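A.B. asks: Just one file: structure_10.cif, with mmCIF, C-alpha atoms.
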data_my_file
#
loop_
_atom_site.group_PDB
_atom_site.id
_atom_site.type_symbol
_atom_site.label_atom_id
_atom_site.label_comp_id
_atom_site.auth_asym_id
_atom_site.auth_seq_id
_atom_site.Cartn_x
_atom_site.Cartn_y
_atom_site.Cartn_z
ATOM 1 C CA MET A 800 -35.474 -21.476 36.573
ATOM 2 C CA GLY A 801 -34.304 -21.515 40.131
ATOM 3 C CA TRP A 802 -32.396 -19.550 42.749
ATOM 4 C CA GLY A 803 -34.500 -18.228 45.643
ATOM 5 C CA ASN A 804 -34.220 -18.643 49.388
ATOM 6 C CA SER A 805 -36.746 -21.382 50.137
ATOM 7 C CA GLU A 806 -35.559 -24.527 51.919
ATOM 8 C CA GLU A 807 -38.342 -26.436 50.168
ATOM 9 C CA LEU A 808 -38.301 -27.642 46.572
ATOM 10 C CA THR A 809 -39.759 -25.161 44.105
ATOM 11 C CA ARG A 810 -41.920 -26.767 41.437
ATOM 12 C CA TRP A 811 -41.790 -25.346 37.925
ATOM 13 C CA ALA A 812 -44.261 -26.055 35.146
ATOM 14 C CA GLY A 813 -43.288 -24.692 31.778
ATOM 15 C CA ARG A 814 -44.252 -24.732 28.137
ATOM 16 C CA ILE A 815 -42.674 -23.291 25.003
ATOM 17 C CA THR A 816 -44.757 -22.859 21.855
ATOM 18 C CA THR A 817 -43.954 -21.269 18.522
ATOM 19 C CA ASP A 818 -45.559 -20.535 15.171
ATOM 20 C CA GLY A 819 -42.245 -21.618 13.659
ATOM 21 C CA ARG A 820 -40.824 -25.125 14.026
ATOM 22 C CA LEU A 821 -39.513 -26.457 17.326
ATOM 23 C CA ALA A 822 -36.595 -28.530 16.016
ATOM 24 C CA GLY A 823 -35.654 -29.802 19.463
ATOM 25 C CA ALA A 824 -35.540 -29.072 23.168
ATOM 26 C CA ASN A 825 -33.548 -30.491 26.054
ATOM 27 C CA LEU A 826 -33.862 -30.236 29.830
ATOM 28 C CA TYR A 827 -30.685 -29.513 31.785
ATOM 29 C CA LEU A 828 -31.288 -30.329 35.429
ATOM 30 C CA ARG A 829 -29.436 -30.044 38.738
ATOM 31 C CA GLY A 830 -29.992 -32.049 41.895
ATOM 32 C CA ARG A 831 -29.296 -31.049 45.454
ATOM 33 C CA SER A 832 -25.756 -29.863 46.118
ATOM 34 C CA LEU A 833 -24.690 -32.491 48.645
ATOM 35 C CA LEU A 834 -21.323 -34.182 48.526
ATOM 36 C CA SER A 835 -22.214 -37.257 50.564
ATOM 37 C CA PRO A 836 -25.762 -37.244 51.928
ATOM 38 C CA THR A 837 -26.318 -39.234 55.118
ATOM 39 C CA ASN A 838 -29.110 -39.419 57.663
ATOM 40 C CA HIS A 839 -26.983 -38.047 60.515
ATOM 41 C CA ASP A 840 -26.215 -34.731 58.749
ATOM 42 C CA GLY A 841 -29.891 -33.867 58.339
ATOM 43 C CA SER A 842 -30.042 -34.790 54.641
ATOM 44 C CA PRO A 843 -33.392 -36.213 53.669
ATOM 45 C CA VAL A 844 -33.337 -39.901 52.764
ATOM 46 C CA GLU A 845 -35.144 -39.101 49.531
ATOM 47 C CA VAL A 846 -32.503 -36.532 48.521
ATOM 48 C CA ASN A 847 -32.715 -37.432 44.828
ATOM 49 C CA GLU A 848 -36.481 -37.741 44.632
ATOM 50 C CA ILE A 849 -36.920 -34.666 42.499
ATOM 51 C CA ASP A 850 -39.816 -34.810 40.043
ATOM 52 C CA ASN A 851 -38.350 -33.662 36.724
ATOM 53 C CA ARG A 852 -39.872 -34.766 33.425
ATOM 54 C CA VAL A 853 -40.873 -33.861 29.906
ATOM 55 C CA LEU A 854 -44.659 -33.671 29.549
ATOM 56 C CA GLU A 855 -45.004 -32.882 25.842
ATOM 57 C CA GLN A 856 -42.665 -32.610 22.888
ATOM 58 C CA ASP A 857 -43.440 -32.091 19.219
ATOM 59 C CA THR A 858 -42.601 -29.596 16.454
ATOM 60 C CA GLN A 859 -44.836 -26.869 17.925
ATOM 61 C CA ALA A 860 -44.525 -27.248 21.689
ATOM 62 C CA PHE A 861 -42.328 -28.463 24.534
ATOM 63 C CA ALA A 862 -43.710 -28.809 28.059
ATOM 64 C CA TRP A 863 -41.936 -29.890 31.228
ATOM 65 C CA GLN A 864 -42.022 -29.889 34.979
ATOM 66 C CA CYS A 865 -39.027 -29.706 37.256
ATOM 67 C CA GLU A 866 -38.072 -28.861 40.810
ATOM 68 C CA THR A 867 -35.204 -26.742 42.084
ATOM 69 C CA VAL A 868 -33.686 -26.046 45.478
ATOM 70 C CA ARG A 869 -32.168 -22.814 46.736
ATOM 71 C CA ASN A 870 -28.551 -21.907 46.046
ATOM 72 C CA LYS A 871 -26.337 -22.390 49.090
ATOM 73 C CA SER A 872 -24.089 -19.646 47.725
ATOM 74 C CA THR A 873 -23.242 -17.971 44.443
ATOM 75 C CA LEU A 874 -20.774 -20.812 43.894
ATOM 76 C CA HIS A 875 -23.537 -23.442 44.008
ATOM 77 C CA PRO A 876 -25.682 -23.060 40.887
ATOM 78 C CA GLN A 877 -28.968 -24.838 41.467
ATOM 79 C CA THR A 878 -30.892 -23.787 38.401
ATOM 80 C CA ASP A 879 -32.652 -25.948 35.832
ATOM 81 C CA ALA A 880 -32.762 -24.987 32.174
ATOM 82 C CA VAL A 881 -34.415 -25.783 28.878
ATOM 83 C CA VAL A 882 -32.523 -25.221 25.653
ATOM 84 C CA ALA A 883 -34.806 -25.031 22.632
ATOM 85 C CA GLU A 884 -33.887 -24.911 18.955
ATOM 86 C CA ILE A 885 -36.474 -22.981 16.992
ATOM 87 C CA GLU A 886 -36.497 -22.705 13.220
ATOM 88 C CA GLY A 887 -38.060 -19.560 11.832
ATOM 89 C CA GLY A 888 -37.490 -16.031 10.655
ATOM 90 C CA PRO A 889 -37.264 -12.737 12.535
ATOM 91 C CA ASP A 890 -41.077 -12.517 12.817
ATOM 92 C CA THR A 891 -41.517 -16.028 14.205
ATOM 93 C CA VAL A 892 -43.278 -15.821 17.579
ATOM 94 C CA VAL A 893 -42.094 -17.728 20.660
ATOM 95 C CA ASN A 894 -44.254 -18.070 23.787
ATOM 96 C CA VAL A 895 -42.608 -19.141 27.045
ATOM 97 C CA THR A 896 -44.944 -19.903 29.951
ATOM 98 C CA VAL A 897 -43.505 -20.745 33.370
ATOM 99 C CA ASN A 898 -45.759 -21.231 36.395
ATOM 100 C CA GLY A 899 -48.631 -19.439 34.703
ATOM 101 C CA ARG A 900 -46.708 -16.376 33.538
ATOM 102 C CA THR A 901 -46.240 -16.020 29.764
ATOM 103 C CA HIS A 902 -43.677 -14.003 27.858
ATOM 104 C CA THR A 903 -44.238 -13.616 24.111
ATOM 105 C CA ALA A 904 -41.520 -12.347 21.786
ATOM 106 C CA SER A 905 -40.430 -12.597 18.193
ATOM 107 C CA ILE A 906 -37.110 -14.208 17.308
ATOM 108 C CA ALA A 907 -35.878 -10.728 16.325
ATOM 109 C CA GLN A 908 -36.667 -9.468 19.851
ATOM 110 C CA LEU A 909 -34.972 -12.490 21.450
ATOM 111 C CA LEU A 910 -31.877 -11.956 19.291
ATOM 112 C CA ASP A 911 -31.770 -8.445 20.732
ATOM 113 C CA GLY A 912 -31.863 -9.614 24.368
ATOM 114 C CA GLY A 913 -33.461 -11.828 26.963
ATOM 115 C CA VAL A 914 -35.831 -11.210 29.839
ATOM 116 C CA THR A 915 -36.026 -12.152 33.531
ATOM 117 C CA TRP A 916 -38.685 -12.120 36.203
ATOM 118 C CA HIS A 917 -39.028 -13.114 39.851
ATOM 119 C CA VAL A 918 -41.848 -15.255 41.175
ATOM 120 C CA LYS A 919 -42.275 -12.987 44.221
ATOM 121 C CA PRO A 920 -40.702 -9.658 45.108
ATOM 122 C CA TRP A 921 -36.959 -9.575 45.825
ATOM 123 C CA HIS A 922 -34.946 -12.658 46.832
ATOM 124 C CA SER A 923 -37.287 -15.238 45.392
ATOM 125 C CA GLU A 924 -37.168 -17.850 42.687
ATOM 126 C CA ALA A 925 -36.571 -16.424 39.232
ATOM 127 C CA VAL A 926 -36.919 -17.211 35.536
ATOM 128 C CA LYS A 927 -34.490 -16.073 32.863
ATOM 129 C CA ILE A 928 -35.031 -16.321 29.120
ATOM 130 C CA HIS A 929 -31.604 -15.885 27.582
ATOM 131 C CA ALA A 930 -31.053 -13.957 24.376
ATOM 132 C CA ALA A 931 -31.408 -16.131 21.288
ATOM 133 C CA VAL A 932 -28.274 -17.202 19.448
ATOM 134 C CA PRO A 933 -28.477 -17.731 15.677
ATOM 135 C CA ASP A 934 -26.979 -20.976 14.429
ATOM 136 C CA SER A 935 -24.444 -18.980 12.420
ATOM 137 C CA ALA A 936 -22.868 -17.971 15.753
ATOM 138 C CA TYR A 937 -22.103 -21.537 16.852
ATOM 139 C CA GLU A 938 -21.905 -23.670 13.714
ATOM 140 C CA MET A 939 -19.103 -23.937 11.223
ATOM 141 C CA VAL A 940 -18.046 -26.135 8.360
ATOM 142 C CA LEU A 941 -14.431 -27.112 7.843
ATOM 143 C CA GLU A 942 -13.083 -29.185 5.004
ATOM 144 C CA ALA A 943 -9.499 -30.341 4.774
ATOM 145 C CA GLU A 944 -7.728 -32.589 2.365
ATOM 146 C CA ASP A 945 -4.508 -34.402 3.114
ATOM 147 C CA GLU A 946 -2.678 -36.898 0.954
ATOM 148 C CA GLY A 947 -1.398 -38.695 4.051
ATOM 149 C CA SER A 948 2.021 -40.047 4.839
ATOM 150 C CA GLY A 949 1.303 -43.675 4.158
ATOM 151 C CA GLY A 950 1.476 -44.466 7.882
ATOM 152 C CA MET A 951 -0.435 -43.139 10.873
ATOM 153 C CA ASP A 952 -1.568 -39.496 10.634
ATOM 154 C CA VAL A 953 -2.857 -37.465 13.580
ATOM 155 C CA TYR A 954 -5.156 -34.458 13.204
ATOM 156 C CA HIS A 955 -5.887 -31.919 15.909
ATOM 157 C CA ALA A 956 -7.959 -28.734 15.710
ATOM 158 C CA GLU A 957 -8.474 -25.732 17.985
ATOM 159 C CA PHE A 958 -11.111 -23.062 17.443
ATOM 160 C CA ALA A 959 -11.162 -19.600 19.005
ATOM 161 C CA GLN A 960 -14.633 -18.208 19.608
ATOM 162 C CA LYS A 961 -15.498 -14.523 19.355
ATOM 163 C CA ASN A 962 -16.188 -14.468 23.106
ATOM 164 C CA GLY A 963 -12.613 -15.567 23.868
ATOM 165 C CA GLN A 964 -13.459 -19.175 24.718
ATOM 166 C CA TRP A 965 -11.871 -22.105 22.907
ATOM 167 C CA ALA A 966 -13.173 -25.347 21.441
ATOM 168 C CA PHE A 967 -10.972 -28.358 20.804
ATOM 169 C CA VAL A 968 -11.372 -31.485 18.719
ATOM 170 C CA SER A 969 -9.914 -34.624 20.237
ATOM 171 C CA PRO A 970 -7.043 -35.998 18.165
ATOM 172 C CA ILE A 971 -8.185 -37.954 15.143
ATOM 173 C CA TYR A 972 -5.959 -40.877 14.173
ATOM 174 C CA ALA A 973 -6.069 -42.004 10.541
ATOM 175 C CA GLY A 974 -3.882 -44.594 8.954
ATOM 176 C CA LEU A 975 -3.577 -47.848 7.139
#
Let me see the structure of the file written as structure tokens.
C.D. replies:
Amino acid sequence: MGWGNSEELTRWAGRITTDGRLAGANLYLRGRSLLSPTNHDGSPVEVNEIDNRVLEQDTQAFAWQCETVRNKSTLHPQTDAVVAEIEGGPDTVVNVTVNGRTHTASIAQLLDGGVTWHVKPWHSEAVKIHAAVPDSAYEMVLEAEDEGSGGMDVYHAEFAQKNGQWAFVSPIYAGL
């Protein structure tokens, strides 16, 4: 949720429901993009008074409210997000309501792609529901056995993702 061209805060009220199980949901929020706010540069004194909060959270629903500000440029992302983990099969239904507009889709449809909409015509605040990602695409299990050297051993791991990005495990020190 976010983007737009308004100088004022945009308030978002959202709710996710499912006939599956909502295993968890997290808000990822951004504040105003100001390096060092002061009164003399026109920054409001209450620069961080942005009303973001979770309103409801259980295994069937997650509701929140948040506020976003416009992007200064394409290099200043000012969007807020919710990441939800939903357990269910391809026919499990997910309802996402943001500011009174509801999008309903099955997990199979969300695996196939996401959806976006603007609050008003062109150059306004927008909502994006990203394509779903199955847990098999981001989880892995690795087992290793080492007899050790009798002293200090150091283990390091690097993982290449299918999208070309890399994940690293900080060194693990094991020893007597």
A.B. asks: Applying 12 Å and only C-alpha atoms, which residues near range 949-965 of chain A remain after dropping the ones on its own chain fewer than 6 positions away? List them as a list in words.
C.D. replies: Ala936, Tyr937, Glu938, Met939, Val940, Leu941, Glu942, Ala943, Ile971, Tyr972, Ala973, Gly974 and Leu975 of chain A
A.B. asks: May I have the selected residues written with C-alpha atoms, as a JSON list (two decimals), in the frame of the given file?
C.D. replies:
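Output contents, as saved in part-v5.json:
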[["chain", "number", "residue", "atom", "x", "y", "z"],
["A", 936, "ALA", "CA", -22.87, -17.97, 15.75],
["A", 937, "TYR", "CA", -22.10, -21.54, 16.85],
["A", 938, "GLU", "CA", -21.90, -23.67, 13.71],
["A", 939, "MET", "CA", -19.10, -23.94, 11.22],
["A", 940, "VAL", "CA", -18.05, -26.14, 8.36],
["A", 941, "LEU", "CA", -14.43, -27.11, 7.84],
["A", 942, "GLU", "CA", -13.08, -29.18, 5.00],
["A", 943, "ALA", "CA", -9.50, -30.34, 4.77],
["A", 971, "ILE", "CA", -8.18, -37.95, 15.14],
["A", 972, "TYR", "CA", -5.96, -40.88, 14.17],
["A", 973, "ALA", "CA", -6.07, -42.00, 10.54],
["A", 974, "GLY", "CA", -3.88, -44.59, 8.95],
["A", 975, "LEU", "CA", -3.58, -47.85, 7.14]]
A.B. asks: Could you check which of A:Arg852, A:Arg810, A:Lys927, A:Lys871 is closest to His902 in chain A, using only C-alpha atoms?
C.D. replies: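 The answer is A:Lys927, which sits nearest to His902 in chain A.
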A.B. asks: Need to verify the contact set: Arg820 in chain A, 6 Å, all atoms listed in the file, exclusion of same-chain residues closer than 5 positions in sequence. Can you return it as a count of residues only?
C.D. replies: 4
A.B. asks: Between CA of Val881 in chain A and CA of Ala824 in chain A, what is the distance in Å, rounded to a tenth?
C.D. replies: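 Straight-line distance from CA of Val881 in chain A to CA of Ala824 in chain A works out to 6.7 Å.
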A.B. asks: CA of Asp857 in chain A and CA of Tyr827 in chain A, how far apart in Å?
C.D. replies: 18.1 Å
A.B. asks: When you look at range 905-918 of chain A with a cut-off of 6 Å (counting only C-alpha atoms), what residues show up, excluding the ones that are within fewer than 3 positions of it in the same chain? I need them as number ranges by chain.
C.D. replies: A: 889-893, 924-931
A.B. asks: Would you work out the distance separating CA of Glu884 in chain A from CA of Asn825 in chain A, expressed in Å to one decimal?
C.D. replies: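 About the pair CA of Glu884 in chain A and CA of Asn825 in chain A: they are 9.0 Å apart.
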A.B. asks: Excluding Ala883 in chain A and residues on its chain fewer than 6 positions from it, collect all residues at most 9 Å away from it, counting all atoms listed in the file, and give them as a PyMOL selection string.
C.D. replies: chain A and resi 815+821-826+861
A.B. asks: How would the residues just chosen look if you wrote them out with C-alpha atoms as a PDB file, keeping the file's coordinate frame?
C.D. replies:
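For reference, selection.pdb as written:
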ATOM      1  CA  ILE A 815     -42.674 -23.291  25.003  1.00  0.00           C
ATOM      2  CA  LEU A 821     -39.513 -26.457  17.326  1.00  0.00           C
ATOM      3  CA  ALA A 822     -36.595 -28.530  16.016  1.00  0.00           C
ATOM      4  CA  GLY A 823     -35.654 -29.802  19.463  1.00  0.00           C
ATOM      5  CA  ALA A 824     -35.540 -29.072  23.168  1.00  0.00           C
ATOM      6  CA  ASN A 825     -33.548 -30.491  26.054  1.00  0.00           C
ATOM      7  CA  LEU A 826     -33.862 -30.236  29.830  1.00  0.00           C
ATOM      8  CA  PHE A 861     -42.328 -28.463  24.534  1.00  0.00           C
TER       9      PHE A 861
END
A.B. asks: Please determine, counting all atoms listed in the file, which residue among A:Thr817, A:Ala812, A:Asp879, A:Asn804 has the shortest atom-to-atom distance to Thr903 in chain A.
C.D. replies: A:Thr817
A.B. asks: List as a ChimeraX atom specification: which residues have an atom within 12 Å of (-30.9, -30.8, 41.6), counting all atoms listed in the file?
C.D. replies: /A:800-802,808-810,827-833,846-851,865-870,875-880
A.B. asks: Using only C-alpha atoms, pick whichever of A:Ala966, A:Val853, A:Leu874, A:Ala904 has the shortest atom-to-atom distance to Thr816 in chain A.
C.D. replies: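 Among the listed residues, the smallest separation from Thr816 in chain A belongs to A:Ala904.
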A.B. asks: Could you give me, as a ChimeraX atom specification, the residues within 7 Å of Arg814 in chain A, counting all atoms listed in the file and dropping anything in the same chain fewer than 6 positions from it?
C.D. replies: /A:860-863,895-897
A.B. asks: Need the axis-aligned box for range 929-943 of chain A with 4 Å each side, so what are the centre and edges in Å to one decimal, as JSON?
C.D. replies:
{"center_x": -20.6, "center_y": -22.1, "center_z": 16.2, "size_x": 30.1, "size_y": 24.4, "size_z": 30.8}
A.B. asks: I'd like to know which of A:Gly888, A:Gly947, A:Pro920, A:Pro933 is closest to Gly803 in chain A, using only C-alpha atoms.
C.D. replies: A:Pro920
